[in-house]
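Trainee: Next up, protein.cif (mmCIF, C-alpha atoms).
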```
data_run
loop_
_atom_site.label_atom_id
_atom_site.label_comp_id
_atom_site.auth_asym_id
_atom_site.auth_seq_id
_atom_site.Cartn_x
_atom_site.Cartn_y
_atom_site.Cartn_z
CA MET A 1 -9.83 93.75 28.59
CA ARG A 2 -12.28 95.08 26.04
CA ILE A 3 -14.42 96.68 28.75
CA LYS A 4 -11.45 98.21 30.56
CA ILE A 5 -10.33 100.19 27.55
CA LEU A 6 -13.80 100.82 26.09
CA LYS A 7 -15.09 102.74 29.12
CA PRO A 8 -12.48 105.55 29.12
CA VAL A 9 -12.67 105.76 25.32
CA LEU A 10 -16.43 106.30 25.50
CA ALA A 11 -16.11 108.75 28.41
CA SER A 12 -13.59 110.91 26.57
CA ASN A 13 -15.75 110.75 23.44
CA ASP A 14 -18.76 111.95 25.46
CA ALA A 15 -16.79 114.85 26.93
CA LEU A 16 -15.58 115.97 23.50
CA ALA A 17 -19.08 115.64 22.00
CA ASP A 18 -20.53 117.72 24.86
CA ALA A 19 -17.96 120.47 24.26
CA GLN A 20 -18.75 120.47 20.54
CA ARG A 21 -22.48 120.65 21.28
CA ARG A 22 -21.92 123.73 23.45
CA GLU A 23 -20.34 125.39 20.39
CA LEU A 24 -23.45 124.56 18.37
CA ASP A 25 -25.64 125.95 21.17
CA LYS A 26 -23.64 129.17 21.38
CA ALA A 27 -24.10 129.64 17.63
CA GLY A 28 -27.82 128.74 17.69
CA VAL A 29 -27.34 125.68 15.50
CA LEU A 30 -29.54 122.58 15.70
CA GLY A 31 -27.75 119.25 15.23
CA ILE A 32 -29.41 116.01 14.10
CA ASN A 33 -27.65 112.60 13.93
CA ILE A 34 -29.29 110.12 11.54
CA MET A 35 -28.62 106.41 12.11
CA SER A 36 -29.81 103.16 10.55
CA ALA A 37 -28.73 99.88 9.01
CA PRO A 38 -27.23 100.08 5.49
CA GLY A 39 -29.79 100.91 2.83
CA SER A 40 -32.66 102.04 5.09
CA GLY A 41 -32.84 105.44 3.43
CA LYS A 42 -30.65 107.84 5.43
CA THR A 43 -29.26 109.60 2.36
CA SER A 44 -32.67 109.71 0.69
CA LEU A 45 -34.09 111.39 3.80
CA VAL A 46 -31.22 113.89 3.82
CA GLU A 47 -31.80 114.63 0.11
CA ARG A 48 -35.52 115.21 0.70
CA THR A 49 -34.81 117.41 3.74
CA VAL A 50 -32.27 119.55 1.92
CA GLU A 51 -34.62 119.99 -1.03
CA ALA A 52 -37.54 120.98 1.19
CA LEU A 53 -35.78 123.27 3.67
CA LYS A 54 -32.81 124.81 1.86
CA SER A 55 -34.70 127.98 0.95
CA GLU A 56 -35.79 128.50 4.60
CA TYR A 57 -32.70 127.43 6.54
CA ARG A 58 -28.93 127.28 6.09
CA ILE A 59 -28.04 123.58 6.19
CA GLN A 60 -24.73 121.74 6.45
CA VAL A 61 -24.56 117.98 5.96
CA ILE A 62 -21.74 115.74 7.17
CA GLU A 63 -21.70 112.29 5.56
CA GLY A 64 -20.11 109.38 7.39
CA ASP A 65 -19.01 106.42 5.30
CA ILE A 66 -16.35 103.78 5.65
CA GLN A 67 -15.11 104.59 2.17
CA GLY A 68 -16.04 106.67 -0.89
CA ASP A 69 -18.11 109.80 -1.42
CA LEU A 70 -21.22 108.44 -3.17
CA ASP A 71 -23.59 109.92 -0.56
CA ALA A 72 -21.88 113.32 -0.40
CA ARG A 73 -22.23 113.60 -4.17
CA ARG A 74 -25.94 112.73 -3.93
CA VAL A 75 -26.52 115.45 -1.33
CA ALA A 76 -24.48 118.00 -3.29
CA ALA A 77 -26.58 117.24 -6.38
CA LYS A 78 -29.61 118.41 -4.39
CA GLY A 79 -27.91 121.72 -3.66
CA GLY A 80 -26.75 120.80 -0.15
CA ARG A 81 -23.43 121.78 1.40
CA CYS A 82 -21.74 118.54 2.35
CA ILE A 83 -18.51 117.29 3.92
CA GLN A 84 -17.57 113.61 3.64
CA ILE A 85 -15.88 111.75 6.49
CA ASN A 86 -14.31 108.40 5.60
CA THR A 87 -13.87 106.27 8.72
CA GLN A 88 -11.37 103.96 6.94
CA GLY A 89 -12.94 100.82 8.35
CA ASP A 90 -14.49 102.13 11.55
CA CYS A 91 -18.11 101.13 12.05
CA HIS A 92 -19.35 104.50 13.40
CA LEU A 93 -18.67 108.22 13.56
CA ASP A 94 -17.32 109.68 16.78
CA ALA A 95 -16.59 113.12 18.24
CA LEU A 96 -12.87 112.92 17.42
CA MET A 97 -13.61 112.37 13.72
CA LEU A 98 -15.97 115.36 13.83
CA SER A 99 -13.32 117.55 15.47
CA SER A 100 -11.31 117.24 12.26
CA VAL A 101 -14.11 118.63 10.07
CA LEU A 102 -16.14 120.97 12.32
CA PRO A 103 -13.53 123.78 12.06
CA ARG A 104 -14.41 123.93 8.33
CA VAL A 105 -18.06 124.73 9.17
CA ASN A 106 -19.01 128.36 9.81
CA LEU A 107 -21.52 127.86 12.62
CA LYS A 108 -22.41 131.56 12.66
CA LYS A 109 -23.89 131.20 9.19
CA LEU A 110 -25.70 127.95 9.89
CA ASP A 111 -29.11 126.87 11.20
CA LEU A 112 -29.12 123.09 10.83
CA LEU A 113 -26.32 120.53 10.97
CA ILE A 114 -27.32 117.07 9.75
CA ILE A 115 -24.88 114.22 10.38
CA GLU A 116 -25.47 110.98 8.52
CA ASN A 117 -23.78 108.20 10.46
CA VAL A 118 -22.23 105.00 9.06
CA GLY A 119 -24.87 102.43 8.07
CA ASN A 120 -24.92 100.17 11.11
CA LEU A 121 -27.64 99.38 13.64
CA VAL A 122 -25.15 98.58 16.42
CA CYS A 123 -21.97 100.64 16.89
CA PRO A 124 -23.08 104.25 16.12
CA ALA A 125 -25.44 104.11 19.13
CA GLU A 126 -22.44 103.82 21.47
CA PHE A 127 -20.74 107.06 20.38
CA LYS A 128 -22.22 110.43 21.33
CA LEU A 129 -21.95 113.15 18.68
CA PRO A 130 -22.31 116.95 19.00
CA THR A 131 -25.91 116.66 17.80
CA HIS A 132 -29.04 117.37 19.89
CA TYR A 133 -31.24 114.60 18.53
CA ASN A 134 -30.71 111.02 17.38
CA VAL A 135 -33.04 109.94 14.60
CA THR A 136 -33.17 106.23 13.77
CA ILE A 137 -34.59 104.92 10.52
CA LEU A 138 -35.94 101.40 10.15
CA SER A 139 -37.18 100.43 6.68
CA THR A 140 -40.10 98.05 6.24
CA PRO A 141 -38.18 95.30 4.36
CA GLU A 142 -35.85 94.92 7.38
CA GLY A 143 -38.74 93.58 9.47
CA SER A 144 -40.59 94.68 12.58
CA ASP A 145 -38.52 92.48 14.93
CA LYS A 146 -35.48 94.78 14.88
CA PRO A 147 -36.01 96.80 18.11
CA THR A 148 -35.94 93.56 20.13
CA LYS A 149 -32.69 92.52 18.43
CA TYR A 150 -30.87 95.88 18.46
CA PRO A 151 -32.24 97.51 21.64
CA LEU A 152 -29.42 100.01 22.29
CA MET A 153 -29.99 101.84 19.01
CA PHE A 154 -33.68 102.28 19.74
CA SER A 155 -33.13 103.26 23.38
CA LYS A 156 -30.76 106.04 22.26
CA SER A 157 -33.20 107.45 19.69
CA ASP A 158 -35.32 110.56 20.02
CA LEU A 159 -37.38 109.81 16.92
CA LEU A 160 -38.00 106.59 15.02
CA ILE A 161 -38.81 106.79 11.33
CA ILE A 162 -40.32 103.80 9.58
CA ASN A 163 -39.26 104.31 5.96
CA LYS A 164 -40.28 102.59 2.70
CA THR A 165 -43.99 102.46 3.54
CA ASP A 166 -44.45 102.18 -0.25
CA LEU A 167 -43.18 98.58 0.06
CA LEU A 168 -45.74 97.57 2.73
CA PRO A 169 -47.94 95.62 0.28
CA TYR A 170 -44.96 93.40 -0.64
CA VAL A 171 -43.23 92.75 2.71
CA SER A 172 -44.29 91.41 6.11
CA PHE A 173 -44.07 94.27 8.56
CA ASP A 174 -46.19 94.17 11.72
CA PHE A 175 -46.68 97.67 13.14
CA LYS A 176 -48.28 96.29 16.32
CA GLN A 177 -45.24 94.06 16.98
CA LEU A 178 -42.97 97.02 16.28
CA GLU A 179 -44.82 99.35 18.63
CA ARG A 180 -45.00 96.75 21.38
CA SER A 181 -41.26 96.13 21.27
CA VAL A 182 -40.39 99.84 21.01
CA ARG A 183 -42.63 100.59 24.03
CA ARG A 184 -40.70 98.04 26.06
CA ILE A 185 -37.37 99.73 25.23
CA LYS A 186 -38.38 103.40 25.20
CA PRO A 187 -42.04 103.98 26.06
CA ARG A 188 -42.35 107.53 24.71
CA LEU A 189 -40.28 107.26 21.52
CA PRO A 190 -42.26 109.01 18.77
CA ILE A 191 -42.69 106.98 15.58
CA LEU A 192 -43.28 108.46 12.11
CA ARG A 193 -44.16 106.48 8.99
CA LEU A 194 -43.01 107.76 5.61
CA SER A 195 -41.68 106.93 2.18
CA THR A 196 -38.68 108.91 0.95
CA LYS A 197 -39.50 107.47 -2.49
CA THR A 198 -43.12 108.62 -2.87
CA GLY A 199 -42.94 111.48 -0.35
CA GLU A 200 -45.88 110.06 1.64
CA GLY A 201 -45.62 111.12 5.30
CA LEU A 202 -42.65 113.39 4.64
CA GLU A 203 -44.55 116.46 5.84
CA ASP A 204 -44.65 115.00 9.40
CA TRP A 205 -40.87 114.68 9.39
CA LEU A 206 -40.39 118.23 8.10
CA LYS A 207 -42.81 119.46 10.78
CA TRP A 208 -40.71 117.69 13.44
CA VAL A 209 -37.50 119.30 12.12
CA ARG A 210 -39.10 122.76 11.93
CA LYS A 211 -40.35 122.42 15.51
CA LYS A 212 -36.89 121.50 16.77
CA LEU A 213 -35.38 124.37 14.76
CA SER A 214 -37.80 126.82 16.37
CA GLY A 215 -36.85 125.46 19.82
CA ARG A 216 -33.07 125.81 19.40
CA ASN A 217 -30.99 128.53 21.08
CA PRO A 218 -31.44 131.94 19.42
CA LYS A 219 -28.74 132.99 16.94
CA PRO A 220 -26.40 135.46 18.70
CA MET B 1 -4.26 103.31 20.52
CA ARG B 2 -7.14 101.53 18.86
CA ILE B 3 -4.85 99.96 16.26
CA LYS B 4 -2.26 98.88 18.81
CA ILE B 5 -4.70 96.78 20.79
CA LEU B 6 -6.86 95.70 17.84
CA LYS B 7 -4.03 93.90 16.03
CA PRO B 8 -3.16 91.38 18.78
CA VAL B 9 -6.87 90.87 19.51
CA LEU B 10 -7.50 89.96 15.87
CA ALA B 11 -4.37 87.78 15.69
CA SER B 12 -5.37 85.75 18.74
CA ASN B 13 -8.91 85.45 17.37
CA ASP B 14 -7.52 84.12 14.08
CA ALA B 15 -5.36 81.55 15.88
CA LEU B 16 -8.30 80.30 17.95
CA ALA B 17 -10.58 80.15 14.88
CA ASP B 18 -7.94 78.16 12.98
CA ALA B 19 -7.65 75.65 15.83
CA GLN B 20 -11.44 75.29 15.93
CA ARG B 21 -11.54 74.79 12.15
CA ARG B 22 -9.02 71.96 12.45
CA GLU B 23 -11.47 70.23 14.83
CA LEU B 24 -14.21 70.58 12.21
CA ASP B 25 -11.86 69.19 9.55
CA LYS B 26 -10.87 66.23 11.70
CA ALA B 27 -14.55 65.39 12.16
CA GLY B 28 -15.43 65.93 8.49
CA VAL B 29 -17.76 68.84 9.22
CA LEU B 30 -18.37 71.72 6.79
CA GLY B 31 -18.75 75.18 8.38
CA ILE B 32 -20.54 78.13 6.79
CA ASN B 33 -20.65 81.68 8.25
CA ILE B 34 -23.58 83.79 7.04
CA MET B 35 -23.24 87.58 7.26
CA SER B 36 -25.36 90.56 6.20
CA ALA B 37 -26.93 93.81 7.36
CA PRO B 38 -29.97 93.47 9.65
CA GLY B 39 -33.06 92.19 7.85
CA SER B 40 -31.40 90.96 4.65
CA GLY B 41 -32.71 87.43 5.14
CA LYS B 42 -30.03 85.45 6.98
CA THR B 43 -32.52 83.58 9.18
CA SER B 44 -34.90 83.01 6.27
CA LEU B 45 -32.04 81.43 4.30
CA VAL B 46 -31.13 79.23 7.27
CA GLU B 47 -34.78 78.17 7.64
CA ARG B 48 -34.99 77.26 3.94
CA THR B 49 -31.67 75.40 4.10
CA VAL B 50 -32.63 73.37 7.16
CA GLU B 51 -35.99 72.47 5.60
CA ALA B 52 -34.40 71.38 2.33
CA LEU B 53 -31.37 69.47 3.64
CA LYS B 54 -32.29 68.09 7.05
CA SER B 55 -33.30 64.68 5.69
CA GLU B 56 -29.97 64.33 3.82
CA TYR B 57 -27.48 65.87 6.28
CA ARG B 58 -27.07 66.37 10.03
CA ILE B 59 -27.14 70.12 10.56
CA GLN B 60 -26.32 72.30 13.56
CA VAL B 61 -27.13 76.02 13.54
CA ILE B 62 -25.54 78.62 15.82
CA GLU B 63 -27.43 81.92 15.96
CA GLY B 64 -25.59 85.12 16.85
CA ASP B 65 -27.67 88.00 18.17
CA ILE B 66 -26.99 90.90 20.46
CA GLN B 67 -30.01 89.95 22.53
CA GLY B 68 -32.97 87.55 22.50
CA ASP B 69 -33.65 84.19 20.87
CA LEU B 70 -36.17 85.10 18.15
CA ASP B 71 -34.04 83.60 15.38
CA ALA B 72 -33.16 80.42 17.27
CA ARG B 73 -36.85 79.78 17.84
CA ARG B 74 -37.56 80.31 14.12
CA VAL B 75 -34.89 77.76 13.16
CA ALA B 76 -36.08 75.29 15.81
CA ALA B 77 -39.62 75.58 14.44
CA LYS B 78 -38.27 74.27 11.11
CA GLY B 79 -36.84 71.23 12.86
CA GLY B 80 -33.26 72.54 13.08
CA ARG B 81 -30.92 72.00 16.01
CA CYS B 82 -29.94 75.46 17.17
CA ILE B 83 -27.80 77.15 19.84
CA GLN B 84 -28.22 80.86 20.52
CA ILE B 85 -25.26 83.11 21.35
CA ASN B 86 -26.10 86.53 22.80
CA THR B 87 -23.21 88.93 22.33
CA GLN B 88 -24.58 91.35 24.97
CA GLY B 89 -23.90 94.41 22.87
CA ASP B 90 -21.00 93.21 20.72
CA CYS B 91 -21.45 93.88 17.01
CA HIS B 92 -20.07 90.52 15.77
CA LEU B 93 -19.39 86.91 16.68
CA ASP B 94 -15.83 85.84 17.36
CA ALA B 95 -13.91 82.61 17.98
CA LEU B 96 -13.88 83.13 21.76
CA MET B 97 -17.68 83.29 21.87
CA LEU B 98 -17.80 80.11 19.79
CA SER B 99 -15.41 78.33 22.14
CA SER B 100 -18.08 78.59 24.82
CA VAL B 101 -20.70 76.75 22.75
CA LEU B 102 -18.75 74.40 20.43
CA PRO B 103 -18.13 71.86 23.24
CA ARG B 104 -21.91 71.32 23.29
CA VAL B 105 -21.87 70.23 19.63
CA ASN B 106 -21.11 66.58 18.85
CA LEU B 107 -19.00 67.03 15.71
CA LYS B 108 -18.82 63.27 15.13
CA LYS B 109 -22.55 63.22 14.48
CA LEU B 110 -22.60 66.33 12.31
CA ASP B 111 -22.21 67.14 8.60
CA LEU B 112 -22.93 70.86 8.38
CA LEU B 113 -22.42 73.70 10.86
CA ILE B 114 -24.17 76.94 9.91
CA ILE B 115 -23.29 80.06 11.90
CA GLU B 116 -25.56 83.08 11.50
CA ASN B 117 -23.58 86.16 12.47
CA VAL B 118 -24.89 89.38 14.05
CA GLY B 119 -26.71 91.59 11.52
CA ASN B 120 -24.01 94.07 10.56
CA LEU B 121 -22.25 94.78 7.27
CA VAL B 122 -19.06 96.04 8.96
CA CYS B 123 -17.69 94.35 12.09
CA PRO B 124 -18.32 90.61 11.50
CA ALA B 125 -15.96 90.75 8.49
CA GLU B 126 -13.03 91.51 10.83
CA PHE B 127 -13.37 88.38 12.98
CA LYS B 128 -12.46 84.96 11.59
CA LEU B 129 -14.70 82.09 12.70
CA PRO B 130 -14.08 78.29 12.57
CA THR B 131 -16.09 78.12 9.34
CA HIS B 132 -14.72 77.27 5.88
CA TYR B 133 -16.81 79.69 3.85
CA ASN B 134 -18.15 83.21 4.35
CA VAL B 135 -21.49 83.83 2.67
CA THR B 136 -22.69 87.43 2.44
CA ILE B 137 -26.30 88.33 1.73
CA LEU B 138 -27.32 91.67 0.22
CA SER B 139 -31.05 92.23 -0.24
CA THR B 140 -32.38 94.26 -3.16
CA PRO B 141 -34.03 97.05 -1.07
CA GLU B 142 -30.62 97.89 0.44
CA GLY B 143 -29.37 99.09 -2.94
CA SER B 144 -26.68 98.06 -5.39
CA ASP B 145 -24.16 100.64 -4.11
CA LYS B 146 -23.30 98.66 -0.97
CA PRO B 147 -20.07 96.84 -2.09
CA THR B 148 -18.44 100.23 -2.73
CA LYS B 149 -19.44 101.46 0.72
CA TYR B 150 -18.66 98.31 2.73
CA PRO B 151 -15.73 96.81 0.79
CA LEU B 152 -14.21 94.66 3.57
CA MET B 153 -17.34 92.53 3.94
CA PHE B 154 -17.43 91.78 0.22
CA SER B 155 -13.68 91.15 -0.02
CA LYS B 156 -13.94 88.53 2.78
CA SER B 157 -16.84 86.69 1.11
CA ASP B 158 -16.68 83.41 -0.76
CA LEU B 159 -20.23 83.71 -2.08
CA LEU B 160 -22.54 86.69 -2.50
CA ILE B 161 -26.28 86.11 -2.40
CA ILE B 162 -28.62 88.80 -3.70
CA ASN B 163 -31.83 88.11 -1.79
CA LYS B 164 -35.39 89.46 -2.14
CA THR B 165 -35.43 89.29 -5.93
CA ASP B 166 -39.23 89.23 -5.52
CA LEU B 167 -39.01 92.95 -4.65
CA LEU B 168 -37.11 93.90 -7.84
CA PRO B 169 -40.17 95.44 -9.54
CA TYR B 170 -40.60 97.85 -6.61
CA VAL B 171 -37.03 98.94 -5.77
CA SER B 172 -34.11 100.43 -7.70
CA PHE B 173 -31.40 97.80 -7.86
CA ASP B 174 -28.83 97.94 -10.65
CA PHE B 175 -27.22 94.52 -11.19
CA LYS B 176 -24.66 95.98 -13.57
CA GLN B 177 -23.54 98.55 -10.98
CA LEU B 178 -23.40 95.79 -8.37
CA GLU B 179 -21.31 93.48 -10.54
CA ARG B 180 -18.95 96.25 -11.57
CA SER B 181 -18.26 97.23 -7.96
CA VAL B 182 -17.95 93.61 -6.78
CA ARG B 183 -15.46 92.89 -9.59
CA ARG B 184 -13.30 95.78 -8.39
CA ILE B 185 -13.19 94.37 -4.83
CA LYS B 186 -13.09 90.62 -5.51
CA PRO B 187 -13.02 89.75 -9.22
CA ARG B 188 -14.05 86.08 -8.89
CA LEU B 189 -16.70 86.31 -6.17
CA PRO B 190 -19.62 84.15 -7.32
CA ILE B 191 -23.02 85.88 -7.14
CA LEU B 192 -26.36 84.07 -6.79
CA ARG B 193 -29.78 85.69 -7.05
CA LEU B 194 -32.67 84.29 -5.06
CA SER B 195 -35.77 84.98 -3.02
CA THR B 196 -36.10 83.23 0.33
CA LYS B 197 -39.75 84.30 0.23
CA THR B 198 -40.83 82.76 -3.10
CA GLY B 199 -38.08 80.14 -3.30
CA GLU B 200 -36.95 81.42 -6.72
CA GLY B 201 -33.24 80.66 -7.24
CA LEU B 202 -32.99 78.66 -4.02
CA GLU B 203 -31.94 75.51 -5.90
CA ASP B 204 -28.67 77.24 -6.96
CA TRP B 205 -27.84 77.94 -3.32
CA LEU B 206 -28.63 74.36 -2.27
CA LYS B 207 -26.47 73.10 -5.14
CA TRP B 208 -23.59 75.27 -3.87
CA VAL B 209 -23.97 73.90 -0.32
CA ARG B 210 -24.19 70.28 -1.55
CA LYS B 211 -21.05 70.76 -3.65
CA LYS B 212 -19.12 72.14 -0.67
CA LEU B 213 -20.43 69.26 1.48
CA SER B 214 -19.18 66.73 -1.04
CA GLY B 215 -15.75 68.43 -1.03
CA ARG B 216 -15.28 68.44 2.75
CA ASN B 217 -12.92 66.09 4.58
CA PRO B 218 -14.28 62.54 4.82
CA LYS B 219 -15.97 61.56 8.11
CA PRO B 220 -13.46 59.49 10.13
#
```
Using structure tokens, write down the structure that the file contains.
Mentor:
Amino acid sequence: MRIKILKPVLASNDALADAQRRELDKAGVLGINIMSAPGSGKTSLVERTVEALKSEYRIQVIEGDIQGDLDARRVAAKGGRCIQINTQGDCHLDALMLSSVLPRVNLKKLDLLIIENVGNLVCPAEFKLPTHYNVTILSTPEGSDKPTKYPLMFSKSDLLIINKTDLLPYVSFDFKQLERSVRRIKPRLPILRLSTKTGEGLEDWLKWVRKKLSGRNPKP
Amino acid sequence: MRIKILKPVLASNDALADAQRRELDKAGVLGINIMSAPGSGKTSLVERTVEALKSEYRIQVIEGDIQGDLDARRVAAKGGRCIQINTQGDCHLDALMLSSVLPRVNLKKLDLLIIENVGNLVCPAEFKLPTHYNVTILSTPEGSDKPTKYPLMFSKSDLLIINKTDLLPYVSFDFKQLERSVRRIKPRLPILRLSTKTGEGLEDWLKWVRKKLSGRNPKP
């Protein structure tokens, strides 16, 4: 029964997300969807990105949380424009939830839309969003065995960020194991290592974002 | 539509879990369900528990993972009896999944059933299992803001374990913020602090388990 109803739900979500993405394309906006388990550093990465790029690009952040606006307030404190979506229990964002907030975003006056998904290494990977790229964060304390255990999330990613490299001396994290298991799931998935706390490796991430921004559709 | 079908699904899951729990009670078996985000230390806690208690009690572990048997092999290496459930994409364990493995467990020759749920701070909290107690683990690198953001998981818990206290010097974790937010969700939720890595605080957890074991129904 689960499968029977899940398939049409996912198909209609995909269709809506595709339509929303065409609106982004028409307006020359790049969309990035950031996913990870709780506490891997999604909001910290968004804060760092807003701080670094807000003078160059017009950025809108959409924060997905089950409840509360802690993250939206953190992003706003860094000078970022931010809308909070509360899923009221749902374990992921989807295109329908976004359709209720996207009309409040002026795409004509925007370069970059960052969507921070609900902290969850399973469900968000099933629901397409209007974004062009999926970025997954795995933090070093979570362990290098996670791609093998949560393969869908990694197979749906366009970039994998290993965050909290500052904790490497204190945790067991085996980069060779990680790379081996990622290669099995998605052979060409690029992997960046950084620390949102110390800023180490952050420049590689910003370079990746800038490159994608330069490759987006031209503003009309 | 989601709500309409979700309610009967959850109700029938609850009924099945209750029936399974009565079987545990009849046989004098204590059941514990361990939940957390990915990488918080569920398997490490199970390993430590099996090592410490296997000479005193007969223990069966059931490992829930989306895919693979990494965790089951870890538990087996510590001398624990272990059955692996692969959810094939599902973000949680439920009573129906357990009904397919419980017949393989001889409850008459068992004292303690430990179920390790899928790593996810959202979905597992919605599905009752045959267990008597829900134990939630939050590890210090995940941050002390998590109860506010994932309230259902904390409201369904009977014990909260703060793991990875060995990393406290290197991460920002505010115990006062944590306690304040937990009190708002579940005023009397007991909180233990420990490190499955160093073993610090582990004796408090083992004491809790022993106390619950002594309070279970007598073996027939």
Trainee: Selection in question (the file shown): the PyMOL selection byres ((chain A) within 10 of (chain B)). Which residues does it include, as an MDAnalysis selection string?
Mentor: chainID A and resid 1:2 5:6 9 36:41 65:71 86 89:92 118:123 126 138:146 148:152 164 166:167 170:171 197
Trainee: Work out how far CA of Arg180 in chain A is from CA of Pro147 in chain A, in Å to one decimal.
Mentor: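 Result for CA of Pro147 in chain A versus CA of Arg180 in chain A: 9.6 Å, one decimal.
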Trainee: Can you translate the PyMOL selection byres ((chain A and resi 48) around 12) into the concrete residues it hits in this file, as a compact mmCIF listing (two decimals) with C-alpha atoms, keeping the file's coordinate frame?
Mentor:
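And here's result_24.txt as it stands now:
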```txt
# COMPACT_ATOMS: atom_id res chain seq x y z
CA GLY A 41 -32.84 105.44 3.43
CA LYS A 42 -30.65 107.84 5.43
CA THR A 43 -29.26 109.60 2.36
CA SER A 44 -32.67 109.71 0.69
CA LEU A 45 -34.09 111.39 3.80
CA VAL A 46 -31.22 113.89 3.82
CA GLU A 47 -31.80 114.63 0.11
CA THR A 49 -34.81 117.41 3.74
CA VAL A 50 -32.27 119.55 1.92
CA GLU A 51 -34.62 119.99 -1.03
CA ALA A 52 -37.54 120.98 1.19
CA LEU A 53 -35.78 123.27 3.67
CA LYS A 54 -32.81 124.81 1.86
CA ARG A 74 -25.94 112.73 -3.93
CA VAL A 75 -26.52 115.45 -1.33
CA ALA A 77 -26.58 117.24 -6.38
CA LYS A 78 -29.61 118.41 -4.39
CA GLY A 79 -27.91 121.72 -3.66
CA GLY A 80 -26.75 120.80 -0.15
CA LEU A 194 -43.01 107.76 5.61
CA SER A 195 -41.68 106.93 2.18
CA THR A 196 -38.68 108.91 0.95
CA LYS A 197 -39.50 107.47 -2.49
CA THR A 198 -43.12 108.62 -2.87
CA GLY A 199 -42.94 111.48 -0.35
CA GLU A 200 -45.88 110.06 1.64
CA GLY A 201 -45.62 111.12 5.30
CA LEU A 202 -42.65 113.39 4.64
CA GLU A 203 -44.55 116.46 5.84
CA TRP A 205 -40.87 114.68 9.39
CA LEU A 206 -40.39 118.23 8.10
```
Trainee: CA of His132 in chain A and CA of Arg104 in chain A, how far apart in Å?
Mentor: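 Straight-line distance from CA of Arg104 in chain A to CA of His132 in chain A works out to 19.8 Å.
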Trainee: Could you give me, as a list in words, the residues within 12 Å of Trp208 in chain A, counting all atoms listed in the file and dropping anything in the same chain fewer than 3 positions from it?
Mentor: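 Here the answer would be Ile32, Thr49, Tyr133, Val135, Asp158, Leu159, Leu160, Ile161, Pro190, Ile191, Leu192, Gly201, Leu202, Glu203, Asp204, Trp205, Lys211, Lys212, Leu213, Ser214 and Gly215 of chain A.
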Trainee: Pick out the closest residue to Arg21 in chain B from this set: B:Ser181, B:Ser155, B:Thr165, B:Ser99. Count all atoms listed in the file.
Mentor: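 Checking each of B:Ser181, B:Ser155, B:Thr165, B:Ser99 against Arg21 in chain B, counting all atoms listed in the file, the winner is B:Ser99.
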Trainee: Give me the residues near Leu16 in chain B as a PyMOL selection string, where near means some atom within 9 Å (using all atoms listed in the file) and where sequence neighbours in that chain fewer than 5 positions away do not count.
Mentor: chain B and resi 11+21+95-96+99+128-130
Trainee: Applying 9 Å and all atoms listed in the file, which residues near Phe127 in chain A remain after dropping the ones on its own chain fewer than 3 positions away? List them as a list in words.
Mentor: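 Near Phe127 in chain A, the qualifying residues are Leu10, Asn13, Asp14, Ala17, His92, Leu93, Asp94, Ala95, Cys123 and Pro124 of chain A.
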Trainee: Which is closer to Gln84 in chain B than all the others in B:Asp18, B:Glu56, B:Glu63, B:Glu179, using only C-alpha atoms?
Mentor: B:Glu63
Trainee: Quick check on the file I pasted: which residues fall under the PyMOL selection byres ((chain A and resi 61) around 7)? Write them as a PDB file with C-alpha atoms, keeping the file's coordinate frame.
Mentor:
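Listed below is the output, part.pdb:
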```pdb
ATOM      1  CA  ILE A  59     -28.040 123.580   6.190  1.00  0.00           C
ATOM      2  CA  GLN A  60     -24.730 121.740   6.450  1.00  0.00           C
ATOM      3  CA  ILE A  62     -21.740 115.740   7.170  1.00  0.00           C
ATOM      4  CA  GLU A  63     -21.700 112.290   5.560  1.00  0.00           C
ATOM      5  CA  ARG A  81     -23.430 121.780   1.400  1.00  0.00           C
ATOM      6  CA  CYS A  82     -21.740 118.540   2.350  1.00  0.00           C
ATOM      7  CA  ILE A  83     -18.510 117.290   3.920  1.00  0.00           C
ATOM      8  CA  LEU A 113     -26.320 120.530  10.970  1.00  0.00           C
ATOM      9  CA  ILE A 114     -27.320 117.070   9.750  1.00  0.00           C
ATOM     10  CA  ILE A 115     -24.880 114.220  10.380  1.00  0.00           C
TER      11      ILE A 115
END
```
Trainee: Please report the interatomic distance between CA of Met97 in chain B and CA of Leu178 in chain A in Å with one decimal.
Mentor: 29.3 Å
